[in-house]
$ cat run_25.txt   # compact mmCIF, N, CA and C atoms
# COMPACT_ATOMS: atom_id res chain seq x y z
N MET A 1 -11.94 -7.12 -4.06
CA MET A 1 -11.50 -5.74 -3.96
C MET A 1 -12.16 -4.88 -5.04
N SER A 2 -12.51 -5.48 -6.16
CA SER A 2 -13.13 -4.68 -7.22
C SER A 2 -14.50 -4.17 -6.78
N GLU A 3 -15.23 -4.97 -6.00
CA GLU A 3 -16.53 -4.51 -5.49
C GLU A 3 -16.36 -3.37 -4.50
N LEU A 4 -15.35 -3.46 -3.66
CA LEU A 4 -15.07 -2.39 -2.71
C LEU A 4 -14.68 -1.11 -3.44
N TYR A 5 -13.88 -1.25 -4.48
CA TYR A 5 -13.46 -0.09 -5.26
C TYR A 5 -14.66 0.57 -5.94
N ALA A 6 -15.55 -0.23 -6.53
CA ALA A 6 -16.74 0.31 -7.19
C ALA A 6 -17.65 1.01 -6.18
N ARG A 7 -17.80 0.42 -5.01
CA ARG A 7 -18.62 1.03 -3.96
C ARG A 7 -17.98 2.33 -3.47
N THR A 8 -16.67 2.35 -3.36
CA THR A 8 -15.96 3.55 -2.95
C THR A 8 -16.18 4.67 -3.95
N LEU A 9 -16.11 4.35 -5.23
CA LEU A 9 -16.34 5.37 -6.26
C LEU A 9 -17.74 5.95 -6.16
N ARG A 10 -18.73 5.09 -5.93
CA ARG A 10 -20.11 5.58 -5.81
C ARG A 10 -20.26 6.48 -4.58
N LEU A 11 -19.71 6.05 -3.46
CA LEU A 11 -19.83 6.84 -2.23
C LEU A 11 -19.12 8.19 -2.36
N VAL A 12 -17.94 8.18 -2.89
CA VAL A 12 -17.19 9.43 -3.03
C VAL A 12 -17.89 10.36 -4.02
N GLY A 13 -18.44 9.79 -5.09
CA GLY A 13 -19.18 10.62 -6.05
C GLY A 13 -20.36 11.31 -5.40
N GLY A 14 -21.08 10.59 -4.56
CA GLY A 14 -22.21 11.19 -3.86
C GLY A 14 -21.78 12.25 -2.85
N LEU A 15 -20.72 11.95 -2.10
CA LEU A 15 -20.22 12.93 -1.14
C LEU A 15 -19.68 14.16 -1.84
N TYR A 16 -19.03 13.97 -2.97
CA TYR A 16 -18.50 15.10 -3.73
C TYR A 16 -19.64 15.99 -4.21
N ASN A 17 -20.69 15.36 -4.75
CA ASN A 17 -21.86 16.14 -5.19
C ASN A 17 -22.49 16.88 -4.02
N LEU A 18 -22.60 16.23 -2.90
CA LEU A 18 -23.24 16.83 -1.74
C LEU A 18 -22.41 17.96 -1.14
N ASN A 19 -21.11 17.73 -0.97
CA ASN A 19 -20.28 18.70 -0.25
C ASN A 19 -19.64 19.75 -1.13
N VAL A 20 -19.21 19.38 -2.32
CA VAL A 20 -18.45 20.32 -3.14
C VAL A 20 -19.33 21.00 -4.18
N CYS A 21 -20.09 20.23 -4.92
CA CYS A 21 -20.89 20.81 -6.01
C CYS A 21 -22.03 21.68 -5.52
N SER A 22 -22.46 21.47 -4.30
CA SER A 22 -23.58 22.26 -3.79
C SER A 22 -23.16 23.62 -3.26
N CYS A 23 -21.86 23.88 -3.18
CA CYS A 23 -21.37 25.18 -2.69
C CYS A 23 -21.61 26.25 -3.74
N SER A 24 -21.92 27.45 -3.26
CA SER A 24 -22.28 28.52 -4.18
C SER A 24 -21.07 29.27 -4.73
N SER A 25 -20.03 29.43 -3.97
CA SER A 25 -18.88 30.20 -4.46
C SER A 25 -17.69 29.28 -4.74
N THR A 26 -16.79 29.78 -5.56
CA THR A 26 -15.59 29.02 -5.91
C THR A 26 -14.74 28.78 -4.67
N TRP A 27 -14.64 29.77 -3.81
CA TRP A 27 -13.84 29.63 -2.60
C TRP A 27 -14.39 28.52 -1.71
N GLN A 28 -15.70 28.45 -1.55
CA GLN A 28 -16.31 27.41 -0.73
C GLN A 28 -16.10 26.03 -1.36
N ARG A 29 -16.20 25.94 -2.70
CA ARG A 29 -15.96 24.66 -3.38
C ARG A 29 -14.52 24.20 -3.18
N ASN A 30 -13.58 25.12 -3.32
CA ASN A 30 -12.17 24.76 -3.14
C ASN A 30 -11.89 24.34 -1.70
N ARG A 31 -12.51 25.01 -0.76
CA ARG A 31 -12.32 24.67 0.66
C ARG A 31 -12.91 23.29 0.97
N ALA A 32 -14.11 23.01 0.46
CA ALA A 32 -14.74 21.72 0.67
C ALA A 32 -13.92 20.60 0.02
N PHE A 33 -13.39 20.86 -1.17
CA PHE A 33 -12.55 19.88 -1.84
C PHE A 33 -11.29 19.60 -1.02
N ALA A 34 -10.64 20.65 -0.54
CA ALA A 34 -9.41 20.48 0.24
C ALA A 34 -9.68 19.70 1.52
N GLN A 35 -10.80 19.97 2.17
CA GLN A 35 -11.14 19.23 3.39
C GLN A 35 -11.36 17.75 3.09
N MET A 36 -12.09 17.45 2.01
CA MET A 36 -12.33 16.05 1.64
C MET A 36 -11.03 15.34 1.31
N LEU A 37 -10.18 16.00 0.54
CA LEU A 37 -8.93 15.38 0.12
C LEU A 37 -8.00 15.16 1.30
N LEU A 38 -7.85 16.16 2.14
CA LEU A 38 -6.95 16.03 3.29
C LEU A 38 -7.44 14.96 4.27
N PHE A 39 -8.74 14.88 4.48
CA PHE A 39 -9.27 13.84 5.37
C PHE A 39 -8.89 12.45 4.87
N ASN A 40 -8.98 12.25 3.55
CA ASN A 40 -8.69 10.93 3.00
C ASN A 40 -7.19 10.65 2.89
N LEU A 41 -6.37 11.68 2.89
CA LEU A 41 -4.92 11.46 2.81
C LEU A 41 -4.27 11.22 4.16
N ILE A 42 -4.96 11.57 5.24
CA ILE A 42 -4.41 11.32 6.57
C ILE A 42 -4.49 9.82 6.86
N PRO A 43 -3.37 9.19 7.18
CA PRO A 43 -3.41 7.75 7.46
C PRO A 43 -4.31 7.43 8.66
N PRO A 44 -5.08 6.36 8.59
CA PRO A 44 -5.99 6.00 9.68
C PRO A 44 -5.25 5.29 10.82
N LEU A 45 -4.35 5.99 11.48
CA LEU A 45 -3.52 5.36 12.51
C LEU A 45 -4.33 4.95 13.73
N GLN A 46 -5.32 5.75 14.12
CA GLN A 46 -6.16 5.39 15.25
C GLN A 46 -6.92 4.10 14.95
N PHE A 47 -7.38 3.95 13.73
CA PHE A 47 -8.09 2.74 13.31
C PHE A 47 -7.16 1.53 13.40
N VAL A 48 -5.92 1.69 12.95
CA VAL A 48 -4.94 0.60 13.01
C VAL A 48 -4.69 0.21 14.46
N TYR A 49 -4.53 1.19 15.31
CA TYR A 49 -4.29 0.92 16.73
C TYR A 49 -5.46 0.13 17.33
N CYS A 50 -6.67 0.57 17.06
CA CYS A 50 -7.85 -0.14 17.59
C CYS A 50 -7.98 -1.54 17.00
N THR A 51 -7.61 -1.69 15.74
CA THR A 51 -7.67 -3.01 15.11
C THR A 51 -6.72 -3.98 15.79
N PHE A 52 -5.52 -3.53 16.09
CA PHE A 52 -4.56 -4.43 16.72
C PHE A 52 -4.90 -4.73 18.17
N LYS A 53 -5.68 -3.88 18.79
CA LYS A 53 -6.12 -4.15 20.16
C LYS A 53 -7.41 -4.96 20.22
N ASN A 54 -8.07 -5.16 19.10
CA ASN A 54 -9.34 -5.85 19.04
C ASN A 54 -9.15 -7.34 19.36
N PRO A 55 -9.79 -7.85 20.41
CA PRO A 55 -9.61 -9.26 20.76
C PRO A 55 -10.32 -10.23 19.81
N GLU A 56 -11.28 -9.74 19.04
CA GLU A 56 -12.01 -10.62 18.11
C GLU A 56 -11.14 -11.04 16.93
N LEU A 57 -10.16 -10.21 16.59
CA LEU A 57 -9.24 -10.56 15.51
C LEU A 57 -8.02 -11.21 16.15
N GLU A 58 -7.98 -12.52 16.10
CA GLU A 58 -6.94 -13.25 16.82
C GLU A 58 -5.64 -13.37 16.03
N ARG A 59 -5.73 -13.57 14.74
CA ARG A 59 -4.53 -13.79 13.94
C ARG A 59 -4.00 -12.47 13.38
N LEU A 60 -2.69 -12.38 13.29
CA LEU A 60 -2.05 -11.19 12.75
C LEU A 60 -2.44 -10.97 11.30
N SER A 61 -2.61 -12.04 10.56
CA SER A 61 -2.97 -11.90 9.15
C SER A 61 -4.35 -11.24 8.99
N HIS A 62 -5.29 -11.55 9.88
CA HIS A 62 -6.61 -10.93 9.82
C HIS A 62 -6.52 -9.44 10.16
N LYS A 63 -5.72 -9.11 11.14
CA LYS A 63 -5.54 -7.70 11.52
C LYS A 63 -4.93 -6.91 10.37
N LEU A 64 -3.95 -7.49 9.70
CA LEU A 64 -3.31 -6.82 8.57
C LEU A 64 -4.26 -6.67 7.40
N GLN A 65 -5.13 -7.67 7.17
CA GLN A 65 -6.11 -7.57 6.09
C GLN A 65 -7.09 -6.43 6.35
N VAL A 66 -7.56 -6.31 7.58
CA VAL A 66 -8.50 -5.25 7.93
C VAL A 66 -7.83 -3.88 7.73
N CYS A 67 -6.60 -3.76 8.17
CA CYS A 67 -5.87 -2.50 8.00
C CYS A 67 -5.64 -2.19 6.53
N TRP A 68 -5.31 -3.20 5.74
CA TRP A 68 -5.09 -3.01 4.31
C TRP A 68 -6.36 -2.49 3.63
N VAL A 69 -7.49 -3.04 3.98
CA VAL A 69 -8.76 -2.60 3.38
C VAL A 69 -9.04 -1.14 3.73
N MET A 70 -8.78 -0.76 4.97
CA MET A 70 -9.02 0.63 5.37
C MET A 70 -8.09 1.59 4.63
N PHE A 71 -6.81 1.23 4.51
CA PHE A 71 -5.88 2.07 3.77
C PHE A 71 -6.29 2.16 2.30
N PHE A 72 -6.69 1.04 1.73
CA PHE A 72 -7.15 1.02 0.34
C PHE A 72 -8.33 1.95 0.14
N TYR A 73 -9.29 1.88 1.05
CA TYR A 73 -10.49 2.72 0.96
C TYR A 73 -10.13 4.20 1.03
N ARG A 74 -9.29 4.56 1.99
CA ARG A 74 -8.95 5.97 2.18
C ARG A 74 -8.22 6.54 0.97
N TYR A 75 -7.24 5.80 0.45
CA TYR A 75 -6.46 6.34 -0.67
C TYR A 75 -7.21 6.24 -1.99
N ALA A 76 -8.08 5.26 -2.16
CA ALA A 76 -8.94 5.23 -3.34
C ALA A 76 -9.92 6.40 -3.30
N SER A 77 -10.40 6.75 -2.11
CA SER A 77 -11.29 7.90 -1.96
C SER A 77 -10.57 9.20 -2.30
N ALA A 78 -9.34 9.33 -1.86
CA ALA A 78 -8.56 10.53 -2.16
C ALA A 78 -8.31 10.66 -3.66
N LEU A 79 -7.97 9.56 -4.30
CA LEU A 79 -7.72 9.58 -5.74
C LEU A 79 -8.99 9.94 -6.50
N GLU A 80 -10.12 9.37 -6.12
CA GLU A 80 -11.37 9.66 -6.81
C GLU A 80 -11.80 11.11 -6.57
N THR A 81 -11.58 11.63 -5.38
CA THR A 81 -11.89 13.03 -5.09
C THR A 81 -11.09 13.94 -6.01
N LEU A 82 -9.82 13.64 -6.18
CA LEU A 82 -8.97 14.43 -7.07
C LEU A 82 -9.45 14.33 -8.51
N ARG A 83 -9.81 13.13 -8.94
CA ARG A 83 -10.32 12.96 -10.31
C ARG A 83 -11.60 13.76 -10.54
N LEU A 84 -12.49 13.74 -9.56
CA LEU A 84 -13.74 14.49 -9.69
C LEU A 84 -13.46 15.99 -9.76
N TYR A 85 -12.53 16.45 -8.99
CA TYR A 85 -12.18 17.88 -8.99
C TYR A 85 -11.60 18.29 -10.34
N LEU A 86 -10.89 17.37 -10.98
CA LEU A 86 -10.28 17.67 -12.27
C LEU A 86 -11.23 17.49 -13.44
N GLY A 87 -12.49 17.13 -13.16
CA GLY A 87 -13.49 17.12 -14.22
C GLY A 87 -14.15 15.79 -14.53
N ARG A 88 -13.77 14.74 -13.86
CA ARG A 88 -14.40 13.44 -14.12
C ARG A 88 -15.83 13.46 -13.60
N LEU A 89 -16.72 12.77 -14.28
CA LEU A 89 -18.10 12.67 -13.82
C LEU A 89 -18.20 11.61 -12.72
N PRO A 90 -19.03 11.84 -11.71
CA PRO A 90 -19.18 10.86 -10.63
C PRO A 90 -19.74 9.54 -11.14
N ALA A 91 -19.25 8.45 -10.57
CA ALA A 91 -19.72 7.11 -10.94
C ALA A 91 -20.91 6.76 -10.08
N ARG A 92 -22.03 7.37 -10.36
CA ARG A 92 -23.27 7.11 -9.61
C ARG A 92 -24.14 6.19 -10.42
N VAL A 93 -24.49 5.05 -9.86
CA VAL A 93 -25.31 4.08 -10.58
C VAL A 93 -26.66 3.98 -9.89

$ encode --input "run_25.txt" --output "structure tokens"
Amino acid sequence: MSELYARTLRLVGGLYNLNVCSCSSTWQRNRAFAQMLLFNLIPPLQFVYCTFKNPELERLSHKLQVCWVMFFYRYASALETLRLYLGRLPARV
């Protein structure tokens, strides 16, 4: 999970630089930030539904693990987006 978290930080840092920092006005930056944050805070219910219908994942434990990873990614992304907005430097390596 630590590798996934580190990769998530790098990806979110790049997306933040691309979408938020490149905006010219404060209003556009705030709007881009709000869109990024809200997207990551919405639970991935459609993904969970498709995961449970996936015939390749036979065991319930595997389906729950896949769902857990997706939830972890989304909420770690939301937290990092908020940290970047509050002044943290992106973790770009």

$ closest_residue --input "run_25.txt" --among "A:Leu18, A:Ala32, A:Leu4, A:Val48" --to "A:Leu64" --atoms "only C-alpha atoms"
A:Val48

$ closest_residue --input "run_25.txt" --among "A:Thr8, A:Thr81, A:Gln35, A:Thr51" --to "A:Val66" --atoms "only N, CA and C atoms"
A:Thr51

$ residues_around --input "run_25.txt" --residues "A:Phe33" --least-positions-apart "4" --cutoff "6.5 Å" --atoms "all atoms listed in the file" --output "ChimeraX atom specification"
/A:19-20,28-29,37-38

$ residues_around --input "run_25.txt" --residues "A:Phe71" --least-positions-apart "5" --cutoff "8 Å" --atoms "only N, CA and C atoms" --output "mmCIF file with N, CA and C atoms, in the coordinates of the input"
data_model
loop_
_atom_site.group_PDB
_atom_site.id
_atom_site.type_symbol
_atom_site.label_atom_id
_atom_site.label_comp_id
_atom_site.auth_asym_id
_atom_site.auth_seq_id
_atom_site.Cartn_x
_atom_site.Cartn_y
_atom_site.Cartn_z
ATOM 1 N N PRO A 43 -3.370 9.190 7.180
ATOM 2 C CA PRO A 43 -3.410 7.750 7.460
ATOM 3 C C PRO A 43 -4.310 7.430 8.660
ATOM 4 N N PRO A 44 -5.080 6.360 8.590
ATOM 5 C CA PRO A 44 -5.990 6.000 9.680
ATOM 6 C C PRO A 44 -5.250 5.290 10.820
ATOM 7 N N GLN A 65 -5.130 -7.670 7.170
ATOM 8 C CA GLN A 65 -6.110 -7.570 6.090
ATOM 9 C C GLN A 65 -7.090 -6.430 6.350
ATOM 10 N N VAL A 66 -7.560 -6.310 7.580
ATOM 11 C CA VAL A 66 -8.500 -5.250 7.930
ATOM 12 C C VAL A 66 -7.830 -3.880 7.730
ATOM 13 N N ALA A 76 -8.080 5.260 -2.160
ATOM 14 C CA ALA A 76 -8.940 5.230 -3.340
ATOM 15 C C ALA A 76 -9.920 6.400 -3.300
ATOM 16 N N SER A 77 -10.400 6.750 -2.110
ATOM 17 C CA SER A 77 -11.290 7.900 -1.960
ATOM 18 C C SER A 77 -10.570 9.200 -2.300
#

$ atom_distance --input "run_25.txt" --atom1 "atom C of A:Arg10" --atom2 "atom CA of A:Pro90"
7.5 Å

$ atom_distance --input "run_25.txt" --atom1 "atom N of A:Leu11" --atom2 "atom C of A:Leu45"
23.1 Å

$ atom_distance --input "run_25.txt" --atom1 "atom CA of A:Val69" --atom2 "atom C of A:Phe47"
11.0 Å

$ closest_residue --input "run_25.txt" --among "A:Asn40, A:Asn30, A:Ser25, A:Ser2" --to "A:Tyr73" --atoms "only N, CA and C atoms"
A:Asn40

$ closest_residue --input "run_25.txt" --among "A:Glu3, A:Leu84, A:Arg74, A:Leu89" --to "A:Ile42" --atoms "all atoms listed in the file"
A:Arg74

$ axis_aligned_box --input "run_25.txt" --around "stretch 5-10 of chain A" --padding-each-side "6 Å" --output "AutoDock Vina command-line options"
--center_x -16.9 --center_y 2.6 --center_z -5.1 --size_x 18.8 --size_y 19.7 --size_z 16.2

$ select_by_dssp --input "run_25.txt" --residues "stretch 23-87 of chain A" --states "helix (DSSP H, G or I)" --output "CSV table (one decimal) with N, CA and C atoms, keeping the file's coordinate frame"
chain,number,residue,atom,x,y,z
A,26,THR,N,-16.8,29.8,-5.6
A,26,THR,CA,-15.6,29.0,-5.9
A,26,THR,C,-14.7,28.8,-4.7
A,27,TRP,N,-14.6,29.8,-3.8
A,27,TRP,CA,-13.8,29.6,-2.6
A,27,TRP,C,-14.4,28.5,-1.7
A,28,GLN,N,-15.7,28.4,-1.6
A,28,GLN,CA,-16.3,27.4,-0.7
A,28,GLN,C,-16.1,26.0,-1.4
A,29,ARG,N,-16.2,25.9,-2.7
A,29,ARG,CA,-16.0,24.7,-3.4
A,29,ARG,C,-14.5,24.2,-3.2
A,30,ASN,N,-13.6,25.1,-3.3
A,30,ASN,CA,-12.2,24.8,-3.1
A,30,ASN,C,-11.9,24.3,-1.7
A,31,ARG,N,-12.5,25.0,-0.8
A,31,ARG,CA,-12.3,24.7,0.7
A,31,ARG,C,-12.9,23.3,1.0
A,32,ALA,N,-14.1,23.0,0.5
A,32,ALA,CA,-14.7,21.7,0.7
A,32,ALA,C,-13.9,20.6,0.0
A,33,PHE,N,-13.4,20.9,-1.2
A,33,PHE,CA,-12.6,19.9,-1.8
A,33,PHE,C,-11.3,19.6,-1.0
A,34,ALA,N,-10.6,20.6,-0.5
A,34,ALA,CA,-9.4,20.5,0.2
A,34,ALA,C,-9.7,19.7,1.5
A,35,GLN,N,-10.8,20.0,2.2
A,35,GLN,CA,-11.1,19.2,3.4
A,35,GLN,C,-11.4,17.8,3.1
A,36,MET,N,-12.1,17.4,2.0
A,36,MET,CA,-12.3,16.0,1.6
A,36,MET,C,-11.0,15.3,1.3
A,37,LEU,N,-10.2,16.0,0.5
A,37,LEU,CA,-8.9,15.4,0.1
A,37,LEU,C,-8.0,15.2,1.3
A,38,LEU,N,-7.8,16.2,2.1
A,38,LEU,CA,-7.0,16.0,3.3
A,38,LEU,C,-7.4,15.0,4.3
A,39,PHE,N,-8.7,14.9,4.5
A,39,PHE,CA,-9.3,13.8,5.4
A,39,PHE,C,-8.9,12.4,4.9
A,40,ASN,N,-9.0,12.2,3.6
A,40,ASN,CA,-8.7,10.9,3.0
A,40,ASN,C,-7.2,10.6,2.9
A,41,LEU,N,-6.4,11.7,2.9
A,41,LEU,CA,-4.9,11.5,2.8
A,41,LEU,C,-4.3,11.2,4.2
A,45,LEU,N,-4.4,6.0,11.5
A,45,LEU,CA,-3.5,5.4,12.5
A,45,LEU,C,-4.3,5.0,13.7
A,46,GLN,N,-5.3,5.8,14.1
A,46,GLN,CA,-6.2,5.4,15.2
A,46,GLN,C,-6.9,4.1,15.0
A,47,PHE,N,-7.4,4.0,13.7
A,47,PHE,CA,-8.1,2.7,13.3
A,47,PHE,C,-7.2,1.5,13.4
A,48,VAL,N,-5.9,1.7,13.0
A,48,VAL,CA,-4.9,0.6,13.0
A,48,VAL,C,-4.7,0.2,14.5
A,49,TYR,N,-4.5,1.2,15.3
A,49,TYR,CA,-4.3,0.9,16.7
A,49,TYR,C,-5.5,0.1,17.3
A,50,CYS,N,-6.7,0.6,17.1
A,50,CYS,CA,-7.8,-0.1,17.6
A,50,CYS,C,-8.0,-1.5,17.0
A,51,THR,N,-7.6,-1.7,15.7
A,51,THR,CA,-7.7,-3.0,15.1
A,51,THR,C,-6.7,-4.0,15.8
A,52,PHE,N,-5.5,-3.5,16.1
A,52,PHE,CA,-4.6,-4.4,16.7
A,52,PHE,C,-4.9,-4.7,18.2
A,53,LYS,N,-5.7,-3.9,18.8
A,53,LYS,CA,-6.1,-4.2,20.2
A,53,LYS,C,-7.4,-5.0,20.2
A,60,LEU,N,-2.7,-12.4,13.3
A,60,LEU,CA,-2.0,-11.2,12.8
A,60,LEU,C,-2.4,-11.0,11.3
A,61,SER,N,-2.6,-12.0,10.6
A,61,SER,CA,-3.0,-11.9,9.2
A,61,SER,C,-4.4,-11.2,9.0
A,62,HIS,N,-5.3,-11.6,9.9
A,62,HIS,CA,-6.6,-10.9,9.8
A,62,HIS,C,-6.5,-9.4,10.2
A,63,LYS,N,-5.7,-9.1,11.1
A,63,LYS,CA,-5.5,-7.7,11.5
A,63,LYS,C,-4.9,-6.9,10.4
A,64,LEU,N,-4.0,-7.5,9.7
A,64,LEU,CA,-3.3,-6.8,8.6
A,64,LEU,C,-4.3,-6.7,7.4
A,65,GLN,N,-5.1,-7.7,7.2
A,65,GLN,CA,-6.1,-7.6,6.1
A,65,GLN,C,-7.1,-6.4,6.4
A,66,VAL,N,-7.6,-6.3,7.6
A,66,VAL,CA,-8.5,-5.2,7.9
A,66,VAL,C,-7.8,-3.9,7.7
A,67,CYS,N,-6.6,-3.8,8.2
A,67,CYS,CA,-5.9,-2.5,8.0
A,67,CYS,C,-5.6,-2.2,6.5
A,68,TRP,N,-5.3,-3.2,5.7
A,68,TRP,CA,-5.1,-3.0,4.3
A,68,TRP,C,-6.4,-2.5,3.6
A,69,VAL,N,-7.5,-3.0,4.0
A,69,VAL,CA,-8.8,-2.6,3.4
A,69,VAL,C,-9.0,-1.1,3.7
A,70,MET,N,-8.8,-0.8,5.0
A,70,MET,CA,-9.0,0.6,5.4
A,70,MET,C,-8.1,1.6,4.6
A,71,PHE,N,-6.8,1.2,4.5
A,71,PHE,CA,-5.9,2.1,3.8
A,71,PHE,C,-6.3,2.2,2.3
A,72,PHE,N,-6.7,1.0,1.7
A,72,PHE,CA,-7.2,1.0,0.3
A,72,PHE,C,-8.3,2.0,0.1
A,73,TYR,N,-9.3,1.9,1.0
A,73,TYR,CA,-10.5,2.7,1.0
A,73,TYR,C,-10.1,4.2,1.0
A,74,ARG,N,-9.3,4.6,2.0
A,74,ARG,CA,-9.0,6.0,2.2
A,74,ARG,C,-8.2,6.5,1.0
A,75,TYR,N,-7.2,5.8,0.4
A,75,TYR,CA,-6.5,6.3,-0.7
A,75,TYR,C,-7.2,6.2,-2.0
A,76,ALA,N,-8.1,5.3,-2.2
A,76,ALA,CA,-8.9,5.2,-3.3
A,76,ALA,C,-9.9,6.4,-3.3
A,77,SER,N,-10.4,6.8,-2.1
A,77,SER,CA,-11.3,7.9,-2.0
A,77,SER,C,-10.6,9.2,-2.3
A,78,ALA,N,-9.3,9.3,-1.9
A,78,ALA,CA,-8.6,10.5,-2.2
A,78,ALA,C,-8.3,10.7,-3.7
A,79,LEU,N,-8.0,9.6,-4.3
A,79,LEU,CA,-7.7,9.6,-5.7
A,79,LEU,C,-9.0,9.9,-6.5
A,80,GLU,N,-10.1,9.4,-6.1
A,80,GLU,CA,-11.4,9.7,-6.8
A,80,GLU,C,-11.8,11.1,-6.6
A,81,THR,N,-11.6,11.6,-5.4
A,81,THR,CA,-11.9,13.0,-5.1
A,81,THR,C,-11.1,13.9,-6.0
A,82,LEU,N,-9.8,13.6,-6.2
A,82,LEU,CA,-9.0,14.4,-7.1
A,82,LEU,C,-9.4,14.3,-8.5
A,83,ARG,N,-9.8,13.1,-8.9
A,83,ARG,CA,-10.3,13.0,-10.3
A,83,ARG,C,-11.6,13.8,-10.5
A,84,LEU,N,-12.5,13.7,-9.6
A,84,LEU,CA,-13.7,14.5,-9.7
A,84,LEU,C,-13.5,16.0,-9.8
A,85,TYR,N,-12.5,16.4,-9.0
A,85,TYR,CA,-12.2,17.9,-9.0
A,85,TYR,C,-11.6,18.3,-10.3

$ decode --input "run_25.txt" --residues "stretch 33-44 of chain A" --atoms "N, CA and C atoms" --output "PDB file, in the first residue's frame"
ATOM      1  N   PHE A  33      -9.724  23.507  -8.489  1.00  0.00           N
ATOM      2  CA  PHE A  33      -9.485  22.796  -7.238  1.00  0.00           C
ATOM      3  C   PHE A  33     -10.762  22.123  -6.743  1.00  0.00           C
ATOM      4  N   ALA A  34     -11.874  22.858  -6.755  1.00  0.00           N
ATOM      5  CA  ALA A  34     -13.142  22.306  -6.280  1.00  0.00           C
ATOM      6  C   ALA A  34     -13.570  21.109  -7.125  1.00  0.00           C
ATOM      7  N   GLN A  35     -13.380  21.191  -8.431  1.00  0.00           N
ATOM      8  CA  GLN A  35     -13.739  20.065  -9.303  1.00  0.00           C
ATOM      9  C   GLN A  35     -12.884  18.836  -8.988  1.00  0.00           C
ATOM     10  N   MET A  36     -11.574  19.038  -8.810  1.00  0.00           N
ATOM     11  CA  MET A  36     -10.685  17.919  -8.480  1.00  0.00           C
ATOM     12  C   MET A  36     -11.074  17.290  -7.147  1.00  0.00           C
ATOM     13  N   LEU A  37     -11.319  18.129  -6.158  1.00  0.00           N
ATOM     14  CA  LEU A  37     -11.635  17.631  -4.826  1.00  0.00           C
ATOM     15  C   LEU A  37     -12.974  16.896  -4.815  1.00  0.00           C
ATOM     16  N   LEU A  38     -13.982  17.477  -5.424  1.00  0.00           N
ATOM     17  CA  LEU A  38     -15.301  16.837  -5.437  1.00  0.00           C
ATOM     18  C   LEU A  38     -15.285  15.520  -6.200  1.00  0.00           C
ATOM     19  N   PHE A  39     -14.546  15.461  -7.300  1.00  0.00           N
ATOM     20  CA  PHE A  39     -14.460  14.203  -8.049  1.00  0.00           C
ATOM     21  C   PHE A  39     -13.891  13.093  -7.175  1.00  0.00           C
ATOM     22  N   ASN A  40     -12.871  13.427  -6.380  1.00  0.00           N
ATOM     23  CA  ASN A  40     -12.234  12.402  -5.546  1.00  0.00           C
ATOM     24  C   ASN A  40     -13.035  12.075  -4.292  1.00  0.00           C
ATOM     25  N   LEU A  41     -13.925  12.953  -3.877  1.00  0.00           N
ATOM     26  CA  LEU A  41     -14.730  12.677  -2.689  1.00  0.00           C
ATOM     27  C   LEU A  41     -15.992  11.878  -2.997  1.00  0.00           C
ATOM     28  N   ILE A  42     -16.397  11.835  -4.261  1.00  0.00           N
ATOM     29  CA  ILE A  42     -17.571  11.051  -4.623  1.00  0.00           C
ATOM     30  C   ILE A  42     -17.205   9.571  -4.562  1.00  0.00           C
ATOM     31  N   PRO A  43     -17.940   8.776  -3.793  1.00  0.00           N
ATOM     32  CA  PRO A  43     -17.609   7.350  -3.707  1.00  0.00           C
ATOM     33  C   PRO A  43     -17.737   6.661  -5.068  1.00  0.00           C
ATOM     34  N   PRO A  44     -16.817   5.765  -5.393  1.00  0.00           N
ATOM     35  CA  PRO A  44     -16.847   5.082  -6.691  1.00  0.00           C
ATOM     36  C   PRO A  44     -17.855   3.928  -6.698  1.00  0.00           C
TER      37      PRO A  44
END
